[in-house]
Amino acid sequence: MSMSDPIADLLTRVRNAQLVQKVSVDCPASKIKLAILDVLKQEGYINGYQVSDDLVKPVVTVDLKYFEGKAVIEELHRGSRPGLRQYVANENLPEVRAGLGVAIVSTNQGVMTGKAASQAGIGGEVLCTVF
């Protein structure tokens, strides 16, 4: 069975795993998911991730991060989705919680934060927001 929105599946798995205080969570791997996880790691929202290629389909294991018993990620929302794409120009990139959160944007130069896209002067598709 194919998935209609694999990015939302990744975000939901991370959100649900943190609700029950899991140390890590597994999900099917893809290039876009790995790019999103790279941004989350660079911004300090996860400890890291490992990709296992020993199975028929690659699986990524995400190491979740906690601080004083609470999950570092408080909110994780999907932006653009297959039924309603959200493309924004450089000037209209979202600011999450007055700069405390991060918007993850897919641009023609790769997946990056909204702040990095704004500094580069490019817009793109808002994949998700993290706080």
# chains A, B, ... in the order shown; residues from 1 in each chain; ligands from 1
>>> residues_around(residues="segment 82-86 of chain A", least_positions_apart="5", cutoff="7 Å", atoms="only C-alpha atoms", output="list in words")
Asp5, Glu125 and Val126 of chain A
>>> residues_around(residues="Ser106 of chain A", least_positions_apart="4", cutoff="12 Å", atoms="only C-alpha atoms", output="ChimeraX atom specification")
/A:32-33,35-36,39,79-80,85-89,93,110-114,116-117,122-128
>>> select_by_dssp(residues="chain A", states="strand (DSSP E)", output="PyMOL selection string")
chain A and resi 24-28+46-52+59-64+66-67+70-71+76-78+87-88+102-107+110-113+124-130
>>> residues_around(residues="Ala71 of chain A", least_positions_apart="4", cutoff="10 Å", atoms="only C-alpha atoms", output="NGL selection string")
:A and (15 or 17-22 or 45-46 or 64-67 or 75)
>>> select_by_dssp(residues="segment 55-123 of chain A", states="helix (DSSP H, G or I)", output="list of chain:residue names")
A:Asn90, A:Glu91, A:Asn92, A:Val96, A:Arg97, A:Ala98, A:Gly99, A:Gly114, A:Lys115, A:Ala116, A:Ala117, A:Ser118, A:Gln119, A:Ala120
>>> write_last_selection(atoms="N, CA and C atoms", output="PDB file, in the first residue's frame")
ATOM      1  N   ASN A  90      10.218  34.966  -1.115  1.00  0.00           N
ATOM      2  CA  ASN A  90      11.220  35.307  -0.107  1.00  0.00           C
ATOM      3  C   ASN A  90      10.646  36.217   0.975  1.00  0.00           C
ATOM      4  N   GLU A  91       9.859  37.202   0.578  1.00  0.00           N
ATOM      5  CA  GLU A  91       9.323  38.178   1.532  1.00  0.00           C
ATOM      6  C   GLU A  91       8.239  37.589   2.435  1.00  0.00           C
ATOM      7  N   ASN A  92       7.622  36.482   2.015  1.00  0.00           N
ATOM      8  CA  ASN A  92       6.474  35.936   2.744  1.00  0.00           C
ATOM      9  C   ASN A  92       6.787  34.658   3.514  1.00  0.00           C
ATOM     10  N   VAL A  96       8.047  31.525  12.721  1.00  0.00           N
ATOM     11  CA  VAL A  96       7.382  30.649  13.678  1.00  0.00           C
ATOM     12  C   VAL A  96       7.634  31.141  15.091  1.00  0.00           C
ATOM     13  N   ARG A  97       6.563  31.453  15.804  1.00  0.00           N
ATOM     14  CA  ARG A  97       6.610  31.885  17.205  1.00  0.00           C
ATOM     15  C   ARG A  97       7.619  33.013  17.418  1.00  0.00           C
ATOM     16  N   ALA A  98       7.526  34.037  16.604  1.00  0.00           N
ATOM     17  CA  ALA A  98       8.368  35.237  16.706  1.00  0.00           C
ATOM     18  C   ALA A  98       9.853  34.895  16.667  1.00  0.00           C
ATOM     19  N   GLY A  99      10.211  33.917  15.838  1.00  0.00           N
ATOM     20  CA  GLY A  99      11.608  33.547  15.668  1.00  0.00           C
ATOM     21  C   GLY A  99      12.097  32.444  16.580  1.00  0.00           C
ATOM     22  N   GLY A 114      13.641  28.491   6.999  1.00  0.00           N
ATOM     23  CA  GLY A 114      13.080  29.699   6.412  1.00  0.00           C
ATOM     24  C   GLY A 114      14.024  30.870   6.538  1.00  0.00           C
ATOM     25  N   LYS A 115      14.757  30.938   7.643  1.00  0.00           N
ATOM     26  CA  LYS A 115      15.711  32.028   7.849  1.00  0.00           C
ATOM     27  C   LYS A 115      16.852  31.957   6.837  1.00  0.00           C
ATOM     28  N   ALA A 116      17.355  30.747   6.579  1.00  0.00           N
ATOM     29  CA  ALA A 116      18.436  30.577   5.607  1.00  0.00           C
ATOM     30  C   ALA A 116      17.953  30.894   4.195  1.00  0.00           C
ATOM     31  N   ALA A 117      16.719  30.510   3.884  1.00  0.00           N
ATOM     32  CA  ALA A 117      16.154  30.815   2.564  1.00  0.00           C
ATOM     33  C   ALA A 117      15.964  32.313   2.403  1.00  0.00           C
ATOM     34  N   SER A 118      15.542  32.976   3.452  1.00  0.00           N
ATOM     35  CA  SER A 118      15.355  34.419   3.406  1.00  0.00           C
ATOM     36  C   SER A 118      16.685  35.137   3.199  1.00  0.00           C
ATOM     37  N   GLN A 119      17.719  34.679   3.892  1.00  0.00           N
ATOM     38  CA  GLN A 119      19.041  35.278   3.736  1.00  0.00           C
ATOM     39  C   GLN A 119      19.610  35.030   2.348  1.00  0.00           C
ATOM     40  N   ALA A 120      19.262  33.886   1.737  1.00  0.00           N
ATOM     41  CA  ALA A 120      19.719  33.581   0.384  1.00  0.00           C
ATOM     42  C   ALA A 120      18.878  34.301  -0.662  1.00  0.00           C
TER      43      ALA A 120
END
>>> atom_distance(atom1="atom CA of Asp53 of chain A", atom2="atom CA of Val25 of chain A")
16.1 Å
>>> atom_distance(atom1="atom CA of Leu55 of chain A", atom2="atom CA of Leu76 of chain A")
28.7 Å
>>> closest_residue(among="A:Val60, A:Val23, A:Val72, A:Met3", to="Leu40 of chain A", atoms="only C-alpha atoms")
A:Val72
>>> atom_distance(atom1="atom CA of Asp63 of chain A", atom2="atom CA of Val51 of chain A")
11.4 Å
>>> decode(residues="segment 7-24 of chain A", atoms="N, CA and C atoms", output="PDB file, in the first residue's frame")
ATOM      1  N   ILE A   7       5.802  12.676   4.162  1.00  0.00           N
ATOM      2  CA  ILE A   7       6.371  13.656   5.098  1.00  0.00           C
ATOM      3  C   ILE A   7       5.484  13.780   6.331  1.00  0.00           C
ATOM      4  N   ALA A   8       4.172  13.813   6.129  1.00  0.00           N
ATOM      5  CA  ALA A   8       3.248  13.868   7.263  1.00  0.00           C
ATOM      6  C   ALA A   8       3.377  12.604   8.109  1.00  0.00           C
ATOM      7  N   ASP A   9       3.642  11.472   7.479  1.00  0.00           N
ATOM      8  CA  ASP A   9       3.838  10.231   8.209  1.00  0.00           C
ATOM      9  C   ASP A   9       5.070  10.327   9.108  1.00  0.00           C
ATOM     10  N   LEU A  10       6.172  10.877   8.594  1.00  0.00           N
ATOM     11  CA  LEU A  10       7.379  11.070   9.395  1.00  0.00           C
ATOM     12  C   LEU A  10       7.101  11.981  10.580  1.00  0.00           C
ATOM     13  N   LEU A  11       6.466  13.109  10.332  1.00  0.00           N
ATOM     14  CA  LEU A  11       6.182  14.063  11.400  1.00  0.00           C
ATOM     15  C   LEU A  11       5.265  13.464  12.461  1.00  0.00           C
ATOM     16  N   THR A  12       4.284  12.698  12.039  1.00  0.00           N
ATOM     17  CA  THR A  12       3.358  12.063  12.979  1.00  0.00           C
ATOM     18  C   THR A  12       4.060  11.011  13.823  1.00  0.00           C
ATOM     19  N   ARG A  13       4.948  10.243  13.198  1.00  0.00           N
ATOM     20  CA  ARG A  13       5.680   9.226  13.960  1.00  0.00           C
ATOM     21  C   ARG A  13       6.565   9.879  15.022  1.00  0.00           C
ATOM     22  N   VAL A  14       7.233  10.976  14.659  1.00  0.00           N
ATOM     23  CA  VAL A  14       8.089  11.679  15.624  1.00  0.00           C
ATOM     24  C   VAL A  14       7.238  12.260  16.740  1.00  0.00           C
ATOM     25  N   ARG A  15       6.126  12.898  16.379  1.00  0.00           N
ATOM     26  CA  ARG A  15       5.234  13.516  17.375  1.00  0.00           C
ATOM     27  C   ARG A  15       4.688  12.465  18.338  1.00  0.00           C
ATOM     28  N   ASN A  16       4.211  11.339  17.812  1.00  0.00           N
ATOM     29  CA  ASN A  16       3.643  10.289  18.662  1.00  0.00           C
ATOM     30  C   ASN A  16       4.699   9.631  19.546  1.00  0.00           C
ATOM     31  N   ALA A  17       5.902   9.430  19.012  1.00  0.00           N
ATOM     32  CA  ALA A  17       6.968   8.806  19.799  1.00  0.00           C
ATOM     33  C   ALA A  17       7.378   9.710  20.958  1.00  0.00           C
ATOM     34  N   GLN A  18       7.393  11.017  20.725  1.00  0.00           N
ATOM     35  CA  GLN A  18       7.762  11.915  21.811  1.00  0.00           C
ATOM     36  C   GLN A  18       6.664  12.012  22.866  1.00  0.00           C
ATOM     37  N   LEU A  19       5.426  11.820  22.474  1.00  0.00           N
ATOM     38  CA  LEU A  19       4.340  11.845  23.457  1.00  0.00           C
ATOM     39  C   LEU A  19       4.463  10.713  24.469  1.00  0.00           C
ATOM     40  N   VAL A  20       4.994   9.565  24.035  1.00  0.00           N
ATOM     41  CA  VAL A  20       5.144   8.427  24.941  1.00  0.00           C
ATOM     42  C   VAL A  20       6.594   8.255  25.393  1.00  0.00           C
ATOM     43  N   GLN A  21       7.428   9.295  25.219  1.00  0.00           N
ATOM     44  CA  GLN A  21       8.801   9.345  25.714  1.00  0.00           C
ATOM     45  C   GLN A  21       9.695   8.234  25.153  1.00  0.00           C
ATOM     46  N   LYS A  22       9.529   7.901  23.879  1.00  0.00           N
ATOM     47  CA  LYS A  22      10.398   6.897  23.251  1.00  0.00           C
ATOM     48  C   LYS A  22      11.775   7.499  23.012  1.00  0.00           C
ATOM     49  N   VAL A  23      12.792   6.664  23.004  1.00  0.00           N
ATOM     50  CA  VAL A  23      14.158   7.108  22.756  1.00  0.00           C
ATOM     51  C   VAL A  23      14.397   7.315  21.269  1.00  0.00           C
ATOM     52  N   SER A  24      13.815   6.433  20.445  1.00  0.00           N
ATOM     53  CA  SER A  24      13.983   6.534  19.004  1.00  0.00           C
ATOM     54  C   SER A  24      12.727   6.032  18.307  1.00  0.00           C
TER      55      SER A  24
END
